[in-house]
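Reading through the structure tokens given below for one structure.
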Amino acid sequence: MAGTESRGRAERRSAGELESEVLATLWATERPLTPAEIQTEIAGGLAYNTVHTILKRLYDKGLVLRDAAGRRGAYRPAKNAAELTAAAMHEALDRGPDPIAALQQFVSGLSPDEERALRDLLGGGRP
Amino acid sequence: MRFDVYSPLLLSLLLPAVSPLIGRRVAPALAARVLTCAAALTAAATTWSLVLLTTALVGEAPPVVAQARQDGRQPVDPVPEAIGIAACLALVVVACRVHRALRAERATRRALRRLAEGQPADTELIVAASDVPRAFAIPGRPGRILVTSAMLGALRPAERRILLAHERAHLAHRHGLLVTAAALAAAANPLLVPVRRTVAFLVERWADEQAAAAVGDRAATARTLARAALTAGRARTACALNFTDRAVTRRIAALQTAPPPRLWSAAAAVLALGALAALSAADATDDLIGLLTGLLS
């Protein structure tokens, strides 16, 4: 039941959303990934062809690179633009009153006892 | 006039008093909308009341009083002079605060626009190669999601999807506009600052609920928040002054219980507070116009 559900939801994800997920997956892993590895990594089960199409689109935009040095068919994220973005982000953060702190951030600060409670929620282990 | 001109001020004490309860008990999407709406109405009404009280000083102006005496009319004294002057000063403070809030808003917009510049046109996710774990939505056309590589690396695959769904909900429901409206209302009327905080919390709750619905799993959404908060917390230990309002803990707790219902009656009551403030201000305007035309004719 849960499996059918997640497949159903996966189909409803738009091309743009899938692109984000594939890109996020490539950034999250330390090493280049093949389409098959991305397919298993992404939650909700995607067709191999879909992953391939998305990778091609990301490649055309210059957001991912083919891993020339490593395995054939593996992709890695393009770092240059992301480093420029990081520099711009840090510049905005460092400039006095944090303009981005004023925004909806995914998470805010924690106190020590809150931190303990959250660790317990995640099963006591390393976060 | 006597009474109506002061009632928006009284109502703006009531709204922050009820807002935490509304925030806890009512579905976040509904609660955020009605609280912002009521706060905007109340702030407009209190500001207008200050304008009225200041204008009433005209009735005290020596030429007006002299004219009225000459005509054999007894000058009415709708507002004590001290209150009129205090209102005038308060109005100046309000103008400064709103101006400052608008400037901060513009600075944020500019900073965000710069981050989205030069990105491929039809791409939703912008990754920043940074060790600081952060994630936020960049409103605009198209709206974008910025996540740092540190945040992506800390989350598991299903959790990354939940994070993206959360930020997507901020963009789809234009949470930026709600937060800006609440911020301006709080700038115009400092009594509404707690309402602004509640609205900021509620848009996060709203996006959490949307993300949970998108993946069909509230427990996984709670775990995502916990992991993201722990990752961000570890990176920030150097900053000891970083305040914590237990917001993440409260969001996680909310995801571990049933989603709050859409309590229309409570929502209507909140809107009624805002409407009452606006109506009082309108009534007071009528009174003042009547008074001044009586004095000046």
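In the structure tokens, chains take the letters A, B, ... in the order shown, each chain's residues start at 1, and ligands count up from 1 in the order shown.
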Please determine the contact residues of chain B with respect to chain A at a cut-off of 7 Å, counting only C-alpha atoms, and supply them as a tab-separated table (two decimals) with C-alpha atoms, in the first residue's frame.
chain	number	residue	atom	x	y	z
B	107	ALA	CA	17.40	45.25	1.26
B	108	THR	CA	16.29	41.63	1.69
B	111	ALA	CA	20.04	40.46	-1.59
B	115	LEU	CA	21.44	35.30	-5.36
B	120	PRO	CA	19.36	29.12	-15.63
B	123	THR	CA	15.58	25.91	-12.67
B	124	GLU	CA	13.97	25.70	-9.27
B	125	LEU	CA	16.87	24.63	-7.06
B	127	VAL	CA	22.75	25.09	-4.68
B	128	ALA	CA	25.35	27.13	-2.81
B	129	ALA	CA	28.62	25.26	-2.20
B	130	SER	CA	28.90	26.27	1.45
B	135	ALA	CA	17.79	26.52	3.21
B	136	PHE	CA	15.36	29.23	2.21
B	149	SER	CA	25.59	21.74	-0.03
B	152	LEU	CA	21.85	18.64	1.32
B	153	GLY	CA	24.69	16.43	2.54
B	157	PRO	CA	17.12	11.14	0.29
B	158	ALA	CA	13.50	11.18	1.54
B	161	ARG	CA	12.49	15.70	-0.82
B	223	ARG	CA	12.54	13.72	11.58
B	226	ALA	CA	15.04	17.44	13.73
B	227	ARG	CA	18.00	16.50	11.55
B	228	ALA	CA	18.13	19.88	9.82
B	229	ALA	CA	17.93	21.70	13.17
B	230	LEU	CA	20.68	19.58	14.69
B	233	GLY	CA	22.68	23.98	15.52
B	242	ASN	CA	21.74	33.10	19.03
B	243	PHE	CA	18.28	33.22	20.55
B	244	THR	CA	16.08	30.18	20.51
B	246	ARG	CA	11.78	26.67	20.72
B	248	VAL	CA	11.61	23.94	15.77
B	249	THR	CA	10.68	21.87	18.81
Requested in this report: Please provide the set of residues having any atom within 9 Å of B:Ala17, restricted to only C-alpha atoms, with same-chain residues fewer than 4 positions apart removed, written as a list in words.
Outcome: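 Selected residues are Ser12, Leu13, Leu21, Pro194 and Val195 of chain B.
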Query raised in the report: Running DSSP on the backbone, which parts of stretch 63-130 of chain B land in strand (DSSP E or B), as a list in words?
Result: Leu125, Ile126, Val127 and Ala128 of chain B
**Report entry** Neighbour list for A:Tyr75 as a list in words, cut-off 8 Å, only C-alpha atoms, skip fewer than 4 positions in-chain
**Finding:**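 Counting only the stated atoms, we get Leu26, Pro32, Leu33, Thr34, Pro35, Val64, Leu65, Arg66 and Asp67 of chain A.
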Report task. Mind checking which residues fall within 7 Å of B:Pro8, counting only C-alpha atoms, ignoring those fewer than 6 positions away in the same chain, and posting them as a list in words? Result ->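 Listed by chain and then number, they are Thr42, Ala45, Thr46, Ala277, Ser280 and Ala281 of chain B.
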Since we have the selection now, will you write its residues out, keeping C-alpha atoms, as a compact mmCIF listing (two decimals), in the first residue's frame?
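Wrote part-v4.txt, looks like this:
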# COMPACT_ATOMS: atom_id res chain seq x y z
CA THR B 42 -5.78 46.91 13.19
CA ALA B 45 -6.96 51.63 12.16
CA THR B 46 -4.58 52.61 14.98
CA ALA B 277 -10.91 48.23 14.73
CA SER B 280 -14.28 52.23 14.99
CA ALA B 281 -11.72 54.25 13.09
Query raised in the report: So which bits of stretch 195-264 of chain B end up alpha helix (DSSP H) when you DSSP the backbone, as a VMD selection string?
Result: chain B and resid 195 to 215 218 to 235 247 to 255 264
Restricting the output to C-alpha atoms, write the selected residues as a PDB file, in the first residue's frame.
ATOM      1  CA  VAL B 195       1.255  38.731  16.103  1.00  0.00           C
ATOM      2  CA  ARG B 196       4.071  39.147  13.614  1.00  0.00           C
ATOM      3  CA  ARG B 197       6.032  36.435  15.445  1.00  0.00           C
ATOM      4  CA  THR B 198       3.027  34.113  15.429  1.00  0.00           C
ATOM      5  CA  VAL B 199       2.550  34.643  11.681  1.00  0.00           C
ATOM      6  CA  ALA B 200       6.241  33.902  11.031  1.00  0.00           C
ATOM      7  CA  PHE B 201       5.879  30.675  13.024  1.00  0.00           C
ATOM      8  CA  LEU B 202       2.603  29.764  11.299  1.00  0.00           C
ATOM      9  CA  VAL B 203       3.972  30.012   7.758  1.00  0.00           C
ATOM     10  CA  GLU B 204       6.663  27.495   8.773  1.00  0.00           C
ATOM     11  CA  ARG B 205       3.982  25.229  10.239  1.00  0.00           C
ATOM     12  CA  TRP B 206       1.914  25.675   7.075  1.00  0.00           C
ATOM     13  CA  ALA B 207       4.875  24.677   4.883  1.00  0.00           C
ATOM     14  CA  ASP B 208       5.578  21.701   7.207  1.00  0.00           C
ATOM     15  CA  GLU B 209       2.005  20.479   6.794  1.00  0.00           C
ATOM     16  CA  GLN B 210       2.218  20.904   3.003  1.00  0.00           C
ATOM     17  CA  ALA B 211       5.476  18.967   2.888  1.00  0.00           C
ATOM     18  CA  ALA B 212       4.007  16.217   5.074  1.00  0.00           C
ATOM     19  CA  ALA B 213       1.013  16.007   2.741  1.00  0.00           C
ATOM     20  CA  ALA B 214       3.266  15.918  -0.347  1.00  0.00           C
ATOM     21  CA  VAL B 215       5.155  12.864   0.895  1.00  0.00           C
ATOM     22  CA  ARG B 218       4.168  13.389   9.106  1.00  0.00           C
ATOM     23  CA  ALA B 219       6.695  11.384  11.151  1.00  0.00           C
ATOM     24  CA  ALA B 220       9.308  11.621   8.368  1.00  0.00           C
ATOM     25  CA  THR B 221       8.686  15.361   8.140  1.00  0.00           C
ATOM     26  CA  ALA B 222       9.275  15.684  11.903  1.00  0.00           C
ATOM     27  CA  ARG B 223      12.543  13.723  11.577  1.00  0.00           C
ATOM     28  CA  THR B 224      13.648  15.958   8.697  1.00  0.00           C
ATOM     29  CA  LEU B 225      13.147  19.048  10.855  1.00  0.00           C
ATOM     30  CA  ALA B 226      15.037  17.438  13.729  1.00  0.00           C
ATOM     31  CA  ARG B 227      18.003  16.499  11.553  1.00  0.00           C
ATOM     32  CA  ALA B 228      18.130  19.879   9.818  1.00  0.00           C
ATOM     33  CA  ALA B 229      17.926  21.698  13.168  1.00  0.00           C
ATOM     34  CA  LEU B 230      20.682  19.575  14.691  1.00  0.00           C
ATOM     35  CA  THR B 231      22.909  20.149  11.660  1.00  0.00           C
ATOM     36  CA  ALA B 232      22.294  23.896  11.711  1.00  0.00           C
ATOM     37  CA  GLY B 233      22.677  23.984  15.517  1.00  0.00           C
ATOM     38  CA  ARG B 234      26.097  22.362  15.425  1.00  0.00           C
ATOM     39  CA  ALA B 235      27.318  24.876  12.883  1.00  0.00           C
ATOM     40  CA  ALA B 247      10.169  27.121  17.291  1.00  0.00           C
ATOM     41  CA  VAL B 248      11.607  23.940  15.766  1.00  0.00           C
ATOM     42  CA  THR B 249      10.677  21.873  18.813  1.00  0.00           C
ATOM     43  CA  ARG B 250       7.134  23.203  18.670  1.00  0.00           C
ATOM     44  CA  ARG B 251       6.899  22.466  14.945  1.00  0.00           C
ATOM     45  CA  ILE B 252       8.107  18.917  15.509  1.00  0.00           C
ATOM     46  CA  ALA B 253       5.638  18.438  18.370  1.00  0.00           C
ATOM     47  CA  ALA B 254       2.819  19.686  16.131  1.00  0.00           C
ATOM     48  CA  LEU B 255       3.757  17.134  13.452  1.00  0.00           C
ATOM     49  CA  TRP B 264     -13.835  28.697  11.070  1.00  0.00           C
TER      50      TRP B 264
END
Report summary line: What separates atom CA of B:Pro133 and atom CA of B:Thr148 is a distance of 5.8 Å
Query raised in the report: Which polymer residues have any atom within 8 Å of an atom of B:Ala44, counting only C-alpha atoms, with same-chain residues fewer than 4 positions away left out, as a list in words?
Result: Ala40, Trp48, Ala185, Ala188 and Ala278 of chain B
Would you mind exporting the chosen residues as a compact mmCIF listing (two decimals), in the first residue's frame, restricted to N, CA and C atoms?
# COMPACT_ATOMS: atom_id res chain seq x y z
N ALA B 40 -3.20 43.65 9.85
CA ALA B 40 -3.12 44.75 8.89
C ALA B 40 -4.25 45.75 9.12
N TRP B 48 -4.56 55.42 11.71
CA TRP B 48 -5.56 56.42 11.33
C TRP B 48 -6.10 57.14 12.57
N ALA B 185 2.67 45.72 9.60
CA ALA B 185 1.65 45.98 10.63
C ALA B 185 2.32 46.17 11.99
N ALA B 188 4.00 49.54 12.18
CA ALA B 188 3.06 50.64 12.38
C ALA B 188 2.47 50.62 13.78
N ALA B 278 -11.29 48.62 12.35
CA ALA B 278 -11.45 49.45 11.16
C ALA B 278 -12.75 50.25 11.25
Report task. Have a look at atom CA of B:Val179 and atom CA of B:Glu105 and let me know their distance in Å, one decimal. Result ->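 Pair atom CA of B:Val179 / atom CA of B:Glu105 returns 10.4 Å.
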